[in-house]
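Here is the structure we will look at.
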Amino acid sequence: MGGLTSERSGVMNIGLEGNMLTSACVTSLVGINTGNALSGLAAGILASIALSMLLVLLTQAYRLDHIIAGMALNVMAIGGTSFLAKRFSNLERSGEIPQIAPWIYDGLVIFAPLAIALYLAYTKGGLRLLAVGNDPEKSRQMGLNPILVRYLALLWTGILCGVAGAMIVSNAGRFSDGMTAGKGFIALAALIVGGWRPIQAALACLFFGLFKILQLQLQGAKIFGIVWPSELWNSLPYLVTIVALAGLLGRNRAPAGLGKP
């Protein structure tokens with residue numbers, strides 16, 4: 001959903017991985033040191049928002065290529081979180097991340113796609129977001145400010161990715177280097193498979209999640225009398241993602257203004 005708000009505004013965002021990883025790290029560090037789960041969550045969201053604002057600044061103010069800017073932020077997040085975790089983590093308290101009740105995250109997972117779908121379909125702000133993402137030049141002629149719309153869209157990208165990162169580290173119980181493990185790129189794949197529509201993208205996420213669960217269940221299991229290598233099952237969600245993208249490549253049209261100034 002964070003990728004959807006960004007790309008529907010016309011900002012190509014492959015930095016979702018970095019947003020979530022940064023949020024997971026900051027949520028862990030602040031949560032452990034304050035002993036407060038809400039403080040950790042708030043800090044993680046703010047860190048993710050900061051990365052999103054940096055992306056929109058680089059792409060809109062300085063006109064950097066969207067893919068290069070997103071990759072730069074991912075690399076910065078990978079290195080930065082590794083440094084922060086090693087520099088500021090207390091190994092004796094590494095398993096003491098305060099937890100928010102899981103049902104709150106589960107509720108947000110269900111609520112977010114429905115809320116975004118209704119917002120896009122029935123509100124003035126949603127229609128402006130779609131208009132800017134489809135044709136920023138015509139939007140300017142109609143009196144809209146595409147840069148302002150994109151800043152607001154990326155604000156929500158930061159919030160949603162921040163919650164996602166906090167959810168990941170809360171489920172794991174502790175932060176580890178690279179713990180998002182490509183989930184940001186799978187989220188982008190789900191967005192493409194879902195045709196940049198919230199409900200369809202959410203269903204695509206469930207589809208990819210099914211294979212993640214299947215991968216865990218098949219570890220060490222005998223198939224046709226053979227115990228297959230764990231590396232094969234570890235790659236299963238990513239292989240399915242590639243196959244799904246290959247099958248739908250060119251069928252789902254991206255927003256026409258994606259990547260345009």
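By order in the structure tokens, chains are A, B, ...; within a chain, residues start at 1; ligands start at 1, following the order shown.
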Can you write out as CSV which residues of region 179-206 of chain A fall within 12 Å of region 158-165 of chain A, alongside each residue's closest atom pair and its distance in Å to one decimal, counting only C-alpha atoms and ordering rows by chain and ascending residue number?
residue,atom,partner,partner_atom,distance
A:Met179,CA,A:Gly165,CA,9.6
A:Thr180,CA,A:Gly165,CA,7.8
A:Ala181,CA,A:Gly165,CA,11.6
A:Lys183,CA,A:Ala164,CA,10.0
A:Gly184,CA,A:Cys161,CA,9.0
A:Ala187,CA,A:Cys161,CA,10.5
Could those residues be written to a file, using N, CA and C atoms, as a CSV table (one decimal), in the first residue's frame?
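File again23.csv, as written:
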chain,number,residue,atom,x,y,z
A,179,MET,N,16.9,-8.0,7.5
A,179,MET,CA,15.8,-8.9,7.9
A,179,MET,C,14.6,-8.7,7.0
A,180,THR,N,14.5,-7.6,6.3
A,180,THR,CA,13.3,-7.5,5.4
A,180,THR,C,13.4,-8.5,4.2
A,181,ALA,N,14.6,-8.9,3.9
A,181,ALA,CA,14.9,-10.1,2.9
A,181,ALA,C,14.1,-9.9,1.6
A,183,LYS,N,11.4,-8.2,0.9
A,183,LYS,CA,9.9,-8.0,1.0
A,183,LYS,C,9.5,-6.7,0.3
A,184,GLY,N,10.4,-5.7,0.3
A,184,GLY,CA,10.0,-4.5,-0.4
A,184,GLY,C,9.9,-4.7,-1.9
A,187,ALA,N,6.7,-6.6,-2.6
A,187,ALA,CA,5.6,-5.7,-2.5
A,187,ALA,C,5.4,-5.0,-3.8
Which residues are near region 26-31 of chain A? Cut-off 12 Å, only C-alpha atoms, ignore same chain within fewer than 5 positions. Put them as a PyMOL selection string.
chain A and resi 19-21+36-48+77+80-91+93-100+162-176
From the options A:Trp228, A:Trp233, A:Trp196, A:Phe211, which residue's atoms come nearest to Asn134 (chain A), counting only C-alpha atoms?
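Smallest distance to Asn134 (chain A) is found for A:Trp196.
Residues surrounding Arg197 (chain A) within 10 Å are Met1, Leu4, Thr5, Arg8, Pro113, Ile116, Ala117, Leu120, Ala190, Leu191, Ile192 and Ala202 of chain A [only C-alpha atoms; sequence separation below 5 positions excluded].
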Mind checking which residues fall within 10 Å of Tyr238 (chain A), counting only C-alpha atoms, ignoring those fewer than 3 positions away in the same chain, and posting them as a list in words?
Gly182, Lys183, Phe185, Ile186, Ala189, Phe208, Phe211, Lys212, Trp233, Asn234, Ser235, Thr241, Ile242, Val243 and Ala244 of chain A
Apply DSSP to the backbone of this structure and, from region 105-238 of chain A, keep only the residues in strand (DSSP E); write these as a ChimeraX atom specification.
/A:222-223,226-227
Run DSSP on the backbone and give me the residues of region 130-236 of chain A it puts in alpha helix (DSSP H), as JSON, numbers by chain.
{"A": [130, 131, 132, 133, 134, 136, 137, 138, 139, 140, 141, 146, 147, 148, 149, 150, 151, 152, 153, 154, 155, 156, 157, 158, 159, 160, 161, 162, 163, 164, 165, 166, 167, 168, 169, 170, 171, 172, 183, 184, 185, 186, 187, 188, 189, 190, 191, 192, 193, 198, 199, 200, 201, 202, 203, 204, 205, 206, 207, 208, 209, 210, 211, 212, 213, 214, 215, 216, 217, 218, 230, 231, 232, 233, 234, 236]}
Selection near Asn74 (chain A), 10 Å with only C-alpha atoms, sequence-local residues under 4 positions removed, as number ranges by chain
A: 14-22, 51, 68-70, 78-80, 184
